[in-house]
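Containing CSV, C-alpha atoms and all ligand atoms: coords_23.csv.
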chain,number,residue,atom,x,y,z
P,325,ALA,CA,0.0,0.0,0.0
P,326,ARG,CA,1.3,3.5,-0.8
P,327,ALA,CA,2.0,5.4,2.3
P,328,ASP,CA,-0.1,8.5,2.8
P,329,LYS,CA,0.0,11.3,5.4
P,330,GLY,CA,-3.6,10.9,6.5
P,331,GLU,CA,-4.7,13.9,8.5
P,332,HIS,CA,-1.1,15.1,9.0
P,333,LYS,CA,0.8,17.9,7.2
P,334,HIS,CA,4.0,15.9,6.9
P,335,PHE,CA,5.1,12.3,7.1
P,336,MET,CA,7.3,13.2,10.0
P,337,ALA,CA,4.3,14.3,12.0
P,338,LYS,CA,2.5,11.1,11.1
P,339,GLU,CA,5.4,9.0,12.1
P,340,ILE,CA,5.9,10.8,15.4
P,341,ALA,CA,2.2,10.2,16.2
P,342,GLU,CA,2.4,6.5,15.2
P,343,GLN,CA,5.0,5.7,17.9
P,344,PRO,CA,2.6,4.4,20.6
P,345,ILE,CA,1.3,1.8,18.1
P,346,VAL,CA,4.6,0.7,16.5
P,347,VAL,CA,6.4,0.6,19.8
P,348,ALA,CA,3.6,-1.6,21.2
P,349,GLU,CA,4.1,-3.8,18.2
P,350,ALA,CA,7.9,-4.0,18.8
P,351,ILE,CA,7.4,-4.9,22.4
P,352,ARG,CA,4.7,-7.5,21.8
P,353,SER,CA,6.9,-9.2,19.2
P,354,TYR,CA,9.8,-9.8,21.7
P,355,MET,CA,7.8,-10.0,24.9
P,356,PRO,CA,4.6,-12.0,24.1
P,357,THR,CA,1.6,-11.3,26.2
P,358,GLY,CA,1.9,-12.8,29.7
P,359,ALA,CA,5.6,-13.3,29.5
P,360,ASP,CA,8.1,-11.4,31.7
P,361,GLN,CA,11.0,-12.9,29.6
P,362,VAL,CA,12.3,-11.6,26.3
P,363,VAL,CA,12.0,-14.2,23.6
P,364,LEU,CA,14.1,-13.8,20.5
P,365,PRO,CA,12.9,-15.5,17.3
P,366,ASP,CA,14.9,-18.6,16.1
P,367,THR,CA,18.2,-18.1,17.8
P,368,ASP,CA,20.4,-19.7,20.4
P,369,LEU,CA,21.9,-16.4,21.4
P,370,ASP,CA,23.4,-16.7,24.9
P,371,PHE,CA,24.9,-13.6,26.4
P,372,SER,CA,26.5,-15.5,29.3
P,373,LYS,CA,29.0,-16.9,26.8
P,374,LEU,CA,30.1,-13.5,25.5
P,375,ASP,CA,32.8,-11.1,26.8
P,376,ARG,CA,31.8,-8.0,25.0
P,377,LEU,CA,29.5,-6.3,22.7
P,378,THR,CA,30.6,-4.1,19.8
P,379,MET,CA,27.8,-1.9,18.3
P,380,VAL,CA,28.2,0.0,15.0
P,381,ALA,CA,25.8,2.3,13.2
P,382,CYS,CA,25.4,5.7,11.5
P,383,GLY,CA,23.3,8.8,12.3
P,384,THR,CA,20.3,8.3,14.5
P,385,ALA,CA,20.9,4.6,14.7
P,386,PHE,CA,24.3,5.4,16.2
P,387,TYR,CA,22.6,7.4,19.0
P,388,ALA,CA,20.3,4.4,19.7
P,389,CYS,CA,23.5,2.3,20.1
P,390,LEU,CA,25.0,4.9,22.5
P,391,THR,CA,21.9,4.7,24.6
P,392,ALA,CA,22.0,0.9,24.6
P,393,LYS,CA,25.5,1.0,25.9
P,394,TYR,CA,24.2,2.4,29.2
P,395,TRP,CA,21.6,-0.4,29.3
P,396,PHE,CA,24.0,-3.2,28.6
P,397,GLU,CA,26.5,-1.9,31.1
P,398,GLN,CA,24.1,-1.1,33.9
P,399,LEU,CA,21.6,-4.0,33.5
P,400,ALA,CA,23.8,-6.8,32.1
P,401,LYS,CA,27.2,-5.7,33.3
P,402,MET,CA,28.6,-6.2,29.8
P,403,PRO,CA,31.5,-4.2,28.4
P,404,VAL,CA,30.3,-2.4,25.3
P,405,GLU,CA,32.0,-0.5,22.6
P,406,VAL,CA,30.0,1.8,20.2
P,407,ASP,CA,31.3,3.2,17.0
P,408,ILE,CA,30.4,5.2,14.0
P,409,ALA,CA,30.6,2.8,11.0
P,410,SER,CA,32.8,5.0,8.9
P,411,GLU,CA,35.4,5.1,11.7
P,412,PHE,CA,35.1,1.5,12.8
P,413,ARG,CA,35.8,0.0,9.4
P,414,TYR,CA,39.0,1.8,8.8
P,415,ARG,CA,40.4,1.6,12.3
P,416,GLU,CA,40.7,-2.2,12.1
P,417,PRO,CA,39.7,-2.8,15.7
P,418,PRO,CA,40.5,-6.3,17.1
P,419,ILE,CA,37.4,-8.5,17.3
P,420,THR,CA,37.5,-11.7,19.3
P,421,ASP,CA,35.4,-14.8,19.0
P,422,ARG,CA,33.7,-14.0,22.3
P,423,THR,CA,32.5,-10.7,20.9
P,424,LEU,CA,28.9,-10.1,19.7
P,425,ALA,CA,28.9,-7.7,16.8
P,426,LEU,CA,25.7,-5.7,16.6
P,427,PHE,CA,24.6,-3.5,13.7
P,428,VAL,CA,21.7,-1.1,13.9
P,429,SER,CA,20.2,0.3,10.7
P,430,GLN,CA,16.7,1.5,9.8
P,431,SER,CA,17.2,0.9,6.0
P,432,GLY,CA,19.6,-2.0,6.4
P,433,GLU,CA,21.4,-0.6,3.3
P,434,THR,CA,23.8,2.0,4.7
P,435,ALA,CA,27.1,1.4,2.9
P,436,ASP,CA,29.4,2.1,5.8
P,437,THR,CA,27.4,-0.1,8.2
P,438,LEU,CA,27.3,-2.9,5.8
P,439,ALA,CA,31.1,-2.7,5.2
P,440,ALA,CA,31.6,-2.7,9.0
P,441,LEU,CA,29.5,-5.9,9.3
P,442,ARG,CA,31.6,-7.6,6.6
P,443,TYR,CA,34.7,-6.6,8.5
P,444,CYS,CA,33.4,-8.6,11.5
P,445,GLU,CA,32.5,-11.7,9.5
P,446,GLY,CA,34.6,-14.7,10.5
P,447,LYS,CA,35.9,-12.7,13.5
P,448,ALA,CA,33.0,-12.2,15.9
P,449,ASP,CA,31.1,-15.0,17.6
P,450,LYS,CA,27.9,-13.8,16.0
P,451,ILE,CA,26.7,-11.0,13.8
P,452,VAL,CA,23.3,-9.6,14.9
P,453,SER,CA,21.4,-6.8,13.3
P,454,VAL,CA,18.6,-4.6,14.5
P,455,VAL,CA,16.8,-3.4,11.3
P,456,ASN,CA,13.5,-2.0,10.0
P,457,VAL,CA,13.7,-3.6,6.6
P,458,PRO,CA,13.9,-7.4,7.0
P,459,GLU,CA,14.8,-8.1,3.3
P,460,SER,CA,17.7,-5.6,3.5
P,461,SER,CA,21.4,-6.4,2.8
P,462,ILE,CA,22.4,-6.0,6.4
P,463,ALA,CA,19.6,-8.3,7.6
P,464,ARG,CA,20.5,-10.9,5.0
P,465,GLU,CA,24.2,-10.9,5.9
P,466,SER,CA,23.6,-11.2,9.7
P,467,ASP,CA,23.5,-14.5,11.6
P,468,VAL,CA,20.5,-13.1,13.4
P,469,ALA,CA,18.3,-10.2,12.2
P,470,LEU,CA,16.0,-8.6,14.7
P,471,PRO,CA,13.2,-6.5,13.1
P,472,ILE,CA,12.0,-3.4,14.9
P,473,HIS,CA,8.5,-3.4,13.4
P,474,ALA,CA,8.3,0.4,12.9
P,475,GLY,CA,6.7,0.1,9.5
P,476,VAL,CA,7.7,2.1,6.5
P,477,GLU,CA,9.4,5.4,7.5
P,478,ILE,CA,9.3,8.1,4.9
P,479,GLY,CA,10.5,11.3,6.6
P,480,VAL,CA,14.2,11.6,6.1
P,481,ALA,CA,14.7,12.5,9.8
P,482,SER,CA,14.2,9.2,11.6
P,483,THR,CA,11.6,9.2,14.4
P,484,LYS,CA,9.6,6.1,14.9
P,485,ALA,CA,12.5,3.9,13.8
P,486,PHE,CA,14.6,5.4,16.6
P,487,THR,CA,12.1,4.7,19.4
P,488,CYS,CA,11.5,1.1,18.0
P,489,GLN,CA,15.3,0.6,17.8
P,490,LEU,CA,15.6,1.7,21.4
P,491,SER,CA,12.8,-0.6,22.5
P,492,VAL,CA,14.3,-3.6,20.8
P,493,LEU,CA,17.8,-2.8,22.2
P,494,LEU,CA,16.4,-2.4,25.7
P,495,MET,CA,14.7,-5.8,25.4
P,496,LEU,CA,18.0,-7.3,24.1
P,497,ALA,CA,19.8,-5.8,27.2
P,498,LEU,CA,17.1,-7.4,29.4
P,499,LYS,CA,17.7,-10.7,27.7
P,500,ALA,CA,21.4,-10.3,28.3
P,501,ALA,CA,20.8,-9.5,32.0
P,502,ALA,CA,18.6,-12.7,32.3
P,503,ASP,CA,21.3,-14.8,30.6
P,504,ARG,CA,24.0,-13.4,32.7
P,505,GLY,CA,22.0,-13.4,36.0
P,506,THR,CA,22.7,-9.7,36.7
P,507,LEU,CA,19.1,-8.7,37.4
P,508,SER,CA,16.7,-10.4,39.9
P,509,ASP,CA,13.4,-11.9,38.7
P,510,GLU,CA,11.7,-9.0,40.4
P,511,GLU,CA,13.8,-6.4,38.6
P,512,LEU,CA,13.2,-8.1,35.2
P,513,ALA,CA,9.5,-8.2,35.9
P,514,ASP,CA,9.6,-4.5,36.8
P,515,HIS,CA,11.2,-3.6,33.5
P,516,ALA,CA,8.7,-5.8,31.6
P,517,ALA,CA,5.8,-4.1,33.3
P,518,ALA,CA,7.3,-0.7,32.5
P,519,LEU,CA,7.7,-1.7,28.9
P,520,ARG,CA,4.2,-2.8,28.6
P,521,GLY,CA,3.0,0.5,30.0
P,522,LEU,CA,5.2,2.5,27.6
P,523,PRO,CA,2.8,2.9,24.7
P,524,SER,CA,0.2,4.7,26.8
P,525,VAL,CA,2.9,6.9,28.4
P,526,LEU,CA,4.1,7.8,24.9
P,527,ASN,CA,0.5,8.9,24.2
P,528,THR,CA,0.5,11.2,27.2
P,529,ALA,CA,3.8,12.7,25.9
P,530,LEU,CA,2.2,13.3,22.5
P,531,ASP,CA,-0.6,15.3,24.3
P,532,GLN,CA,2.1,17.9,25.1
P,533,ASN,CA,2.2,18.8,21.4
P,534,ARG,CA,0.8,22.4,21.9
P,535,ALA,CA,3.1,23.3,24.7
P,536,ILE,CA,6.1,22.0,22.7
P,537,ARG,CA,5.0,24.0,19.6
P,538,LYS,CA,5.1,27.1,21.8
P,539,SER,CA,8.7,26.4,22.9
P,540,ALA,CA,9.5,25.7,19.3
P,541,GLN,CA,8.3,29.1,18.2
P,542,ARG,CA,11.0,30.6,20.4
P,543,LEU,CA,13.6,28.2,19.2
P,544,SER,CA,13.0,29.0,15.6
P,545,GLU,CA,14.5,32.5,16.2
P,546,ALA,CA,17.8,31.1,17.5
P,547,ARG,CA,21.0,30.7,15.6
P,548,ASP,CA,22.5,28.0,17.8
P,549,VAL,CA,20.9,25.7,20.3
P,550,LEU,CA,22.5,23.5,22.9
P,551,PHE,CA,21.0,20.3,24.2
P,552,LEU,CA,22.2,18.9,27.6
P,553,GLY,CA,21.6,15.6,29.2
P,554,ARG,CA,23.4,13.3,31.7
P,555,GLY,CA,23.5,9.5,31.8
P,556,LEU,CA,20.8,8.0,29.6
P,557,MET,CA,19.8,11.5,28.5
P,558,TYR,CA,23.2,12.3,27.1
P,559,PRO,CA,22.8,10.3,23.8
P,560,LEU,CA,19.3,11.7,23.5
P,561,ALA,CA,20.7,15.2,23.8
P,562,MET,CA,22.8,14.5,20.8
P,563,GLU,CA,19.9,13.0,18.9
P,564,GLY,CA,17.8,16.0,19.8
P,565,ALA,CA,20.5,18.3,18.3
P,566,LEU,CA,20.8,16.1,15.2
P,567,LYS,CA,17.0,16.2,14.6
P,568,LEU,CA,17.0,20.0,15.0
P,569,LYS,CA,19.9,20.6,12.6
P,570,GLU,CA,18.7,18.1,10.0
P,571,ILE,CA,15.3,19.7,9.5
P,572,SER,CA,15.4,23.3,10.7
P,573,TYR,CA,19.0,24.0,9.7
P,574,ILE,CA,19.7,25.7,13.1
P,575,HIS,CA,23.1,24.8,14.4
P,576,ALA,CA,22.7,22.6,17.4
P,577,GLU,CA,24.9,20.5,19.6
P,578,GLY,CA,24.3,17.9,22.2
P,579,TYR,CA,26.6,17.8,25.2
P,580,ALA,CA,26.9,15.8,28.4
P,581,SER,CA,25.7,18.2,31.1
P,582,GLY,CA,28.9,17.7,33.1
P,583,GLU,CA,31.0,18.7,30.1
P,584,LEU,CA,29.4,22.1,29.8
P,585,LYS,CA,32.1,23.7,32.0
P,586,HIS,CA,34.9,22.4,29.8
P,587,GLY,CA,34.1,24.5,26.7
P,588,PRO,CA,30.5,25.1,25.6
P,589,ILE,CA,29.7,27.3,28.6
P,590,ALA,CA,31.8,30.0,26.7
P,591,LEU,CA,29.0,30.2,24.1
P,592,ILE,CA,26.3,30.9,26.6
P,593,ASP,CA,24.6,34.4,26.5
P,594,LYS,CA,21.1,35.7,26.3
P,595,HIS,CA,20.7,34.5,22.7
P,596,MET,CA,21.4,30.9,23.4
P,597,PRO,CA,18.5,28.5,24.1
P,598,VAL,CA,19.6,25.4,26.0
P,599,VAL,CA,17.3,22.4,26.0
P,600,VAL,CA,17.8,20.4,29.2
P,601,MET,CA,16.5,16.8,29.2
P,602,ALA,CA,16.2,15.8,32.8
P,603,PRO,CA,13.7,13.4,34.4
P,604,ARG,CA,13.8,13.5,38.2
P,605,ASP,CA,16.3,10.6,38.4
P,606,ALA,CA,19.4,9.7,40.3
P,607,VAL,CA,21.5,12.4,38.5
P,608,PHE,CA,18.9,15.1,38.4
P,609,ASP,CA,20.5,17.4,41.0
P,610,LYS,CA,23.8,17.4,39.1
P,611,THR,CA,22.0,18.3,35.9
P,612,VAL,CA,20.1,21.1,37.6
P,613,SER,CA,23.3,22.6,38.9
P,614,ASN,CA,24.6,22.6,35.3
P,615,MET,CA,21.4,24.2,34.2
P,616,GLN,CA,21.8,27.0,36.8
P,617,GLU,CA,25.2,27.7,35.5
P,618,VAL,CA,23.5,28.3,32.1
P,619,MET,CA,20.9,30.6,33.7
P,620,ALA,CA,23.5,32.6,35.6
P,621,ARG,CA,25.0,33.5,32.2
P,622,LYS,CA,21.5,34.5,30.9
P,623,GLY,CA,21.1,31.4,28.7
P,624,LYS,CA,17.5,30.5,28.1
P,625,VAL,CA,16.6,27.1,29.4
P,626,ILE,CA,13.8,24.9,28.1
P,627,LEU,CA,13.5,22.3,30.8
P,628,VAL,CA,12.0,18.9,29.8
P,629,SER,CA,11.2,17.0,33.0
P,630,ASP,CA,8.4,15.4,35.0
P,631,ASP,CA,6.1,16.9,37.7
P,632,ASP,CA,8.6,16.4,40.4
P,633,GLY,CA,11.6,17.7,38.4
P,634,ILE,CA,9.7,20.8,37.2
P,635,ALA,CA,8.4,21.6,40.7
P,636,GLU,CA,11.9,21.4,42.0
P,637,ALA,CA,13.8,23.3,39.3
P,638,GLU,CA,11.5,25.5,37.3
P,639,ASP,CA,12.6,28.8,38.9
P,640,GLY,CA,14.1,31.1,36.3
P,641,VAL,CA,13.7,28.8,33.3
P,642,TRP,CA,12.4,30.1,29.9
P,643,SER,CA,9.9,27.4,29.5
P,644,THR,CA,9.0,23.9,30.6
P,645,ILE,CA,7.9,20.7,28.8
P,646,ARG,CA,6.1,18.3,31.1
P,647,MET,CA,6.5,14.6,30.6
P,648,PRO,CA,4.7,11.8,32.5
P,649,HIS,CA,6.6,9.9,35.2
P,650,ILE,CA,8.5,6.9,33.9
P,651,HIS,CA,10.7,4.0,35.0
P,652,PRO,CA,14.3,5.6,34.7
P,653,SER,CA,15.5,2.9,32.2
P,654,LEU,CA,12.8,3.9,29.7
P,655,ALA,CA,13.2,7.7,30.0
P,656,PRO,CA,15.2,8.0,26.7
P,657,ILE,CA,12.4,6.4,24.7
P,658,LEU,CA,9.8,8.7,26.2
P,659,TYR,CA,11.9,11.8,26.0
P,660,SER,CA,12.5,11.2,22.3
P,661,VAL,CA,9.0,12.5,21.7
P,662,PRO,CA,9.6,16.0,22.9
P,663,ALA,CA,13.0,16.0,21.2
P,664,GLN,CA,11.3,15.1,17.9
P,665,LEU,CA,8.4,17.5,18.3
P,666,LEU,CA,10.7,20.4,19.2
P,667,ALA,CA,12.6,19.9,15.9
P,668,TYR,CA,9.5,19.3,13.9
P,669,HIS,CA,7.6,22.5,15.1
P,670,THR,CA,10.8,24.6,14.8
P,671,ALA,CA,11.2,23.5,11.2
P,672,VAL,CA,7.5,24.2,10.5
P,673,ALA,CA,7.9,27.6,12.0
P,674,LYS,CA,10.9,28.3,9.8
P,675,GLY,CA,9.1,26.9,6.7
P,676,THR,CA,11.8,24.4,5.8
P,677,ASP,CA,11.1,21.2,3.9
P,678,VAL,CA,10.5,18.9,6.8
P,679,ASP,CA,10.2,15.5,5.0
P,680,GLN,CA,12.9,16.2,2.5
P,681,PRO,CA,15.6,18.3,4.1
P,682,ARG,CA,18.2,19.8,1.8
P,683,ASN,CA,21.4,17.7,1.1
P,684,LEU,CA,20.2,14.6,3.0
P,685,ALA,CA,19.1,11.2,1.8
P,686,LYS,CA,16.9,8.6,3.6
P,687,SER,CA,19.3,5.9,2.9
P,688,VAL,CA,23.0,6.4,2.1
P,689,THR,CA,24.4,3.6,-0.1
P,690,VAL,CA,27.6,5.4,-1.0
P,691,GLU,CA,30.6,5.6,1.3
P,701,LIG,C1,21.0,8.8,6.8
P,701,LIG,C2,19.7,9.3,7.3
P,701,LIG,C3,19.6,9.3,8.8
P,701,LIG,C4,20.0,7.9,9.3
P,701,LIG,C5,21.3,7.4,8.8
P,701,LIG,C6,21.5,5.9,9.1
P,701,LIG,O1,22.0,9.7,7.0
P,701,LIG,O2,19.4,10.6,6.8
P,701,LIG,O3,18.4,9.6,9.3
P,701,LIG,O4,20.0,7.9,10.7
P,701,LIG,O5,21.4,7.5,7.4
P,701,LIG,O6,20.6,5.2,8.3
P,701,LIG,P1,20.2,3.7,8.6
P,701,LIG,O7,19.2,3.3,7.6
P,701,LIG,O8,21.4,2.9,8.6
P,701,LIG,O9,19.6,3.6,10.0
Re-express the file's structure as structure tokens.
Ligand code: G6P
Amino acid sequence: ARADKGEHKHFMAKEIAEQPIVVAEAIRSYMPTGADQVVLPDTDLDFSKLDRLTMVACGTAFYACLTAKYWFEQLAKMPVEVDIASEFRYREPPITDRTLALFVSQSGETADTLAALRYCEGKADKIVSVVNVPESSIARESDVALPIHAGVEIGVASTKAFTCQLSVLLMLALKAAADRGTLSDEELADHAAALRGLPSVLNTALDQNRAIRKSAQRLSEARDVLFLGRGLMYPLAMEGALKLKEISYIHAEGYASGELKHGPIALIDKHMPVVVMAPRDAVFDKTVSNMQEVMARKGKVILVSDDDGIAEAEDGVWSTIRMPHIHPSLAPILYSVPAQLLAYHTAVAKGTDVDQPRNLAKSVTVE
């Protein structure tokens, strides 16, 4: 069937709105109803036999990998390496037969990622891919291909594929934790319950569309925007910046909050909006003190947080975007929604071509 935009002005808006449905589909396909355990289709993948995980991707898929690194390390106590495909392949990194090589790609056709996969053939214990297109080259050349079930994605800026990649990678990390005995049954059940509740929480996040559009109106006048996050929110800060530059052409950078003082703070003045992604989690207080350093230099903070976080830290901020409360492990999936909507509405306010941004291609099959 030919894709159409339905009631939406752009494919990107439609794909953002579809996330509760496609993420639910991704979760159902790896965690069948009633099960607390993650079930992978047709594979004897056993993480207890592996020493390390090497993850490789490009663009948005690379930020999904960076997020997953936190999950595999924290939940499954597994050493993880993440690399950009174009760097990985020419660096000739040593790969042992106790390494799982994991490739993440929406299209499954990205030339650099495919070349990186071929480099690992015959070296790694197994080659696993997380893909949206099951017939793609990357899927065909993997020992195990795990589909993300996002459906066709047309907007060049990846949205629903990103949240489906994250969901599948989190479930893979939970499977690794179960194999390696690093989480208790109770903790595993906790994560499973949180995952099952995720689609409805994503819907609640989408309800913030109007508030986000207001913040985006202000962003659209900026020349540069900084995104800050700590822990699991750090890769998302970089993804938020990537989305914004891709479709609005505003220069944006994502930084680890704690790194602010080592350089980017020199850029802060009254013209600089700073988007702070900060659920009220274990590192919240640290992020808030970085945010206060921004405000002390007249930077304009857009705080994305939950009720507790906003109540505690909203003094002096430019605007707030309110997210529902969520299990800390799942926060990067939920906070993707405001990151995407901020970029989307900023681009719409600027009148750029949201679905077909200049100079970019949906799938890059050249090196
Ligand atoms: C292109 C797209 C990006 C995408 C990247 C990786 O640059 O514009 O949105 O993240 O390729 O694509 P893949 O299909 O491998 O996920």
Would you mind listing, for every residue of chain P within 10 Å of ligand LIG 701 (chain P), the two atoms forming the shortest contact and the distance between them in Å to one decimal, using only C-alpha atoms and all ligand atoms, sorted by chain and ascending residue number, as JSON lines?
{"residue": "P:Val380", "atom": "CA", "partner": "P:LIG701", "partner_atom": "O8", "distance": 9.8}
{"residue": "P:Ala381", "atom": "CA", "partner": "P:LIG701", "partner_atom": "O8", "distance": 6.4}
{"residue": "P:Cys382", "atom": "CA", "partner": "P:LIG701", "partner_atom": "C6", "distance": 4.6}
{"residue": "P:Gly383", "atom": "CA", "partner": "P:LIG701", "partner_atom": "O4", "distance": 3.8}
{"residue": "P:Thr384", "atom": "CA", "partner": "P:LIG701", "partner_atom": "O4", "distance": 3.8}
{"residue": "P:Ala385", "atom": "CA", "partner": "P:LIG701", "partner_atom": "O9", "distance": 5.0}
{"residue": "P:Phe386", "atom": "CA", "partner": "P:LIG701", "partner_atom": "O4", "distance": 7.4}
{"residue": "P:Tyr387", "atom": "CA", "partner": "P:LIG701", "partner_atom": "O4", "distance": 8.7}
{"residue": "P:Ala388", "atom": "CA", "partner": "P:LIG701", "partner_atom": "O4", "distance": 9.7}
{"residue": "P:Ala409", "atom": "CA", "partner": "P:LIG701", "partner_atom": "O8", "distance": 9.5}
{"residue": "P:Phe427", "atom": "CA", "partner": "P:LIG701", "partner_atom": "O8", "distance": 8.8}
{"residue": "P:Val428", "atom": "CA", "partner": "P:LIG701", "partner_atom": "O9", "distance": 6.5}
{"residue": "P:Ser429", "atom": "CA", "partner": "P:LIG701", "partner_atom": "O9", "distance": 3.4}
{"residue": "P:Gln430", "atom": "CA", "partner": "P:LIG701", "partner_atom": "O9", "distance": 3.6}
{"residue": "P:Ser431", "atom": "CA", "partner": "P:LIG701", "partner_atom": "O7", "distance": 3.5}
{"residue": "P:Gly432", "atom": "CA", "partner": "P:LIG701", "partner_atom": "O7", "distance": 5.4}
{"residue": "P:Glu433", "atom": "CA", "partner": "P:LIG701", "partner_atom": "O7", "distance": 6.2}
{"residue": "P:Thr434", "atom": "CA", "partner": "P:LIG701", "partner_atom": "O8", "distance": 4.7}
{"residue": "P:Ala435", "atom": "CA", "partner": "P:LIG701", "partner_atom": "O8", "distance": 8.2}
{"residue": "P:Asp436", "atom": "CA", "partner": "P:LIG701", "partner_atom": "O8", "distance": 8.5}
{"residue": "P:Thr437", "atom": "CA", "partner": "P:LIG701", "partner_atom": "O8", "distance": 6.7}
{"residue": "P:Leu438", "atom": "CA", "partner": "P:LIG701", "partner_atom": "O8", "distance": 8.7}
{"residue": "P:Val454", "atom": "CA", "partner": "P:LIG701", "partner_atom": "O9", "distance": 9.4}
{"residue": "P:Val455", "atom": "CA", "partner": "P:LIG701", "partner_atom": "O9", "distance": 7.7}
{"residue": "P:Asn456", "atom": "CA", "partner": "P:LIG701", "partner_atom": "O7", "distance": 8.1}
{"residue": "P:Val457", "atom": "CA", "partner": "P:LIG701", "partner_atom": "O7", "distance": 8.9}
{"residue": "P:Ser460", "atom": "CA", "partner": "P:LIG701", "partner_atom": "O7", "distance": 9.9}
{"residue": "P:Ile462", "atom": "CA", "partner": "P:LIG701", "partner_atom": "O8", "distance": 9.2}
{"residue": "P:Gly479", "atom": "CA", "partner": "P:LIG701", "partner_atom": "O3", "distance": 8.5}
{"residue": "P:Val480", "atom": "CA", "partner": "P:LIG701", "partner_atom": "O2", "distance": 5.3}
{"residue": "P:Ala481", "atom": "CA", "partner": "P:LIG701", "partner_atom": "O3", "distance": 4.7}
{"residue": "P:Ser482", "atom": "CA", "partner": "P:LIG701", "partner_atom": "O3", "distance": 4.8}
{"residue": "P:Thr483", "atom": "CA", "partner": "P:LIG701", "partner_atom": "O3", "distance": 8.5}
{"residue": "P:Ala485", "atom": "CA", "partner": "P:LIG701", "partner_atom": "O9", "distance": 8.1}
{"residue": "P:Phe486", "atom": "CA", "partner": "P:LIG701", "partner_atom": "O4", "distance": 8.4}
{"residue": "P:Gln489", "atom": "CA", "partner": "P:LIG701", "partner_atom": "O9", "distance": 9.4}
{"residue": "P:Glu563", "atom": "CA", "partner": "P:LIG701", "partner_atom": "O4", "distance": 9.7}
{"residue": "P:Leu566", "atom": "CA", "partner": "P:LIG701", "partner_atom": "O3", "distance": 9.1}
{"residue": "P:Lys567", "atom": "CA", "partner": "P:LIG701", "partner_atom": "O3", "distance": 8.6}
{"residue": "P:Glu570", "atom": "CA", "partner": "P:LIG701", "partner_atom": "O2", "distance": 8.2}
{"residue": "P:Gln680", "atom": "CA", "partner": "P:LIG701", "partner_atom": "O2", "distance": 9.6}
{"residue": "P:Pro681", "atom": "CA", "partner": "P:LIG701", "partner_atom": "O2", "distance": 9.0}
{"residue": "P:Asn683", "atom": "CA", "partner": "P:LIG701", "partner_atom": "O2", "distance": 9.3}
{"residue": "P:Leu684", "atom": "CA", "partner": "P:LIG701", "partner_atom": "O2", "distance": 5.6}
{"residue": "P:Ala685", "atom": "CA", "partner": "P:LIG701", "partner_atom": "O2", "distance": 5.0}
{"residue": "P:Lys686", "atom": "CA", "partner": "P:LIG701", "partner_atom": "O2", "distance": 4.5}
{"residue": "P:Ser687", "atom": "CA", "partner": "P:LIG701", "partner_atom": "C1", "distance": 5.1}
{"residue": "P:Val688", "atom": "CA", "partner": "P:LIG701", "partner_atom": "C1", "distance": 5.6}
{"residue": "P:Thr689", "atom": "CA", "partner": "P:LIG701", "partner_atom": "O5", "distance": 9.0}
Would you mind listing, for every residue of range 364-385 of chain P within 10 Å of range 501-510 of chain P, the two atoms forming the shortest contact and the distance between them in Å to one decimal, using all atoms listed in the file, sorted by chain and ascending residue number, as a tab-separated table?
residue	atom	partner	partner_atom	distance
P:Leu369	CA	P:Asp503	CA	9.4
P:Asp370	CA	P:Asp503	CA	6.4
P:Phe371	CA	P:Asp503	CA	5.7
P:Ser372	CA	P:Arg504	CA	4.7
P:Lys373	CA	P:Arg504	CA	8.5
P:Leu374	CA	P:Arg504	CA	9.4
Dump of C-alpha atoms for the selected residues, as a compact mmCIF listing (two decimals), in the frame of the given file:
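Contents of the output file out17.txt:
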# COMPACT_ATOMS: atom_id res chain seq x y z
CA LEU P 369 21.90 -16.40 21.40
CA ASP P 370 23.40 -16.70 24.90
CA PHE P 371 24.90 -13.60 26.40
CA SER P 372 26.50 -15.50 29.30
CA LYS P 373 29.00 -16.90 26.80
CA LEU P 374 30.10 -13.50 25.50
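CA of Asp514 in chain P sits 16.5 Å away from CA of Ile657 in chain P.
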Interatomic distance (Å, one decimal) between CA of Leu584 in chain P and CA of Leu666 in chain P: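 Distance reported for this atom pair: 21.6 Å.
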What is the distance, in Å and to one decimal place, between CA of Lys450 in chain P and CA of Ile419 in chain P?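 About the pair CA of Lys450 in chain P and CA of Ile419 in chain P: they are 11.0 Å apart.
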Between P:Ala576, P:Glu445, P:Leu364, P:Met402, which has the minimum distance to Met562 in chain P (counting all atoms listed in the file)? P:Ala576
Counting only C-alpha atoms, which residue out of P:Ala392, P:Val492, P:Leu377, P:Leu441 sits closest to Ala348 in chain P?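 Ranking P:Ala392, P:Val492, P:Leu377, P:Leu441 by distance to Ala348 in chain P, first place goes to P:Val492.
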Which residues are close to Pro403 in chain P, i.e. within 10 Å by all atoms listed in the file, leaving aside same-chain residues fewer than 3 positions away? Reply as number ranges by chain. P: 374-378, 393-394, 396-398, 400, 423
Between P:His586, P:Arg682, P:Arg520, P:His473, single out the one closest to Asn614 in chain P, counting only C-alpha atoms.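 Counting only C-alpha atoms, the residue closest to Asn614 in chain P is P:His586.
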